[in-house]
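What follows is a short report on a single structure.
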Amino acid sequence: MKRKLTVFLCVITAWFSLAVSACGGGDNEALTVCMPDGAPALSMAKFMAEDNGFGRNVEYRVVGSSEIASCVTGIDEDKNADICVLPLNTASKLLGDGTKYKMLGTVTHGNLFIVAGADAQELTCDNFAEEITGKKVGVVNLPSFPGAVFKLLLSDYGVSDKVTLSPVAATEVSGTGGGYDYFVIPEPAASVRVGNAKLNLKIAGSLQSLYGEQGYPQAVLVAKTSLVENDGEFISKFMEEIASVDGWLADGETSASTIISAITAHYPDPENTAPTFNEKNLTKTVIANCAVKFTYCKTDKDKIVEFLRKLKAAGDSSATEVSESFFYLG
């Protein structure tokens, strides 16, 4: 009788373990968190530095910006990221129906700046339309998000057909010639170029300030719908903790080397990866300019919808209207 009871208990235990695993709720089940290098990786640097898994077996991966879409679109869905940081426009196009992933919130609010020669007029909300009219502007990544946001601003200020835009590489940004009046360039490249005295450059404006005081949703956090539905406690912990990351980044006790080491340690192929940040370019000013701050969908939903609408109207082919079910409002 004792032997039969033991066998029965073993069967029940095995069945329960399989059931928990099938539901995605096993504490030992590995979860992957993916993000592109650069400003989005700053949002996860604290977790990576502390190896924080929030009670789960969490693996963090930092990939190139060109690879991030594949982290949520692989044919084998079980191998796709459980949690991912990616550009809002990309997320809207690939995941906007809310079936496979839910958006938890925004992690960065814009890192795009206007630089120009040291004698150029600084651009503000009050003078932007007048000063930018008739100018030639070089845009780093013109076909991508930076170009789309700048075109959105030109539309907002009613000068879409009055400015000449050209694609440029970050290495071409200089105030010593070249025929451009202004450049649009992201951090940390903006500070690197301005910090080179030979280039005669200054920060002449911020796309975030020109859009609005709080900037705009740039990189967002999404999680698999199955994870949200089956482990709400983990999702709540994750969001609660990420809301404090901006304070950790700004803290004087958090060194650049700590942040950089945390990020580079999670490259899939560190020997063949050129880091975005190094101890020369990752200053507290650059960190502030990357606008890392987690805000919940439940407070930002309308702002996100409006920004996507404007991006699409400005010609961003990636920006797509999303369904109500895309937003996690818990």
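For the structure tokens, the naming scheme is as follows: chains receive sequential letters (A, B, ...) according to their order of presentation, residues are indexed from 1 within each chain, and ligands are indexed from 1 in presentation order.
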From a DSSP pass on the backbone, collect the residues of region 76-200 of chain A flagged as strand (DSSP E or B) and hand them back as a ChimeraX atom specification. /A:83-87,101-108,112-117,136-140,164-168,182-186
Alpha helix (DSSP H) residues, from DSSP on the backbone, in region 32-180 of chain A, as a count of residues only: 35
Skip Leu88 (chain A) itself and residues of its chain fewer than 4 positions away, then list as a ChimeraX atom specification all residues within 6 Å of it, counting only C-alpha atoms. /A:218-220
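Closest approach to Asp302 (chain A) among A:Glu67, A:Asp97, A:Glu271, A:Glu324: A:Glu324, based on only C-alpha atoms.
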Neighbouring residues of region 262-264 of chain A were defined as those with any atom within 12 Å, considering only C-alpha atoms; residues of the same chain fewer than 3 positions away were excluded. Please report them as a PyMOL selection string. chain A and resi 34-52+60-64+254-259+267-278
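The space between CA of Cys125 (chain A) and CA of Val163 (chain A) spans 16.5 Å.
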Between A:Pro87, A:Gly105, A:Gly110, A:Gly98, which is the closest to Tyr211 (chain A) once you count only C-alpha atoms? A:Gly110
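Compared by their closest atoms to Ala169 (chain A), and using only C-alpha atoms, the residues A:Ala116, A:Leu152, A:Ala204, A:Val139 rank with A:Val139 nearest.
Proximity to Arg193 (chain A) at 10 Å, evaluated using only C-alpha atoms and with sequence-adjacent residues fewer than 6 positions away removed, yields Val115, Ala170, Thr171, Glu172, Val173, Ser174, Gly175, Ile185, Glu187, Leu199, Asn200, Leu201, Lys202 and Ile203 of chain A.
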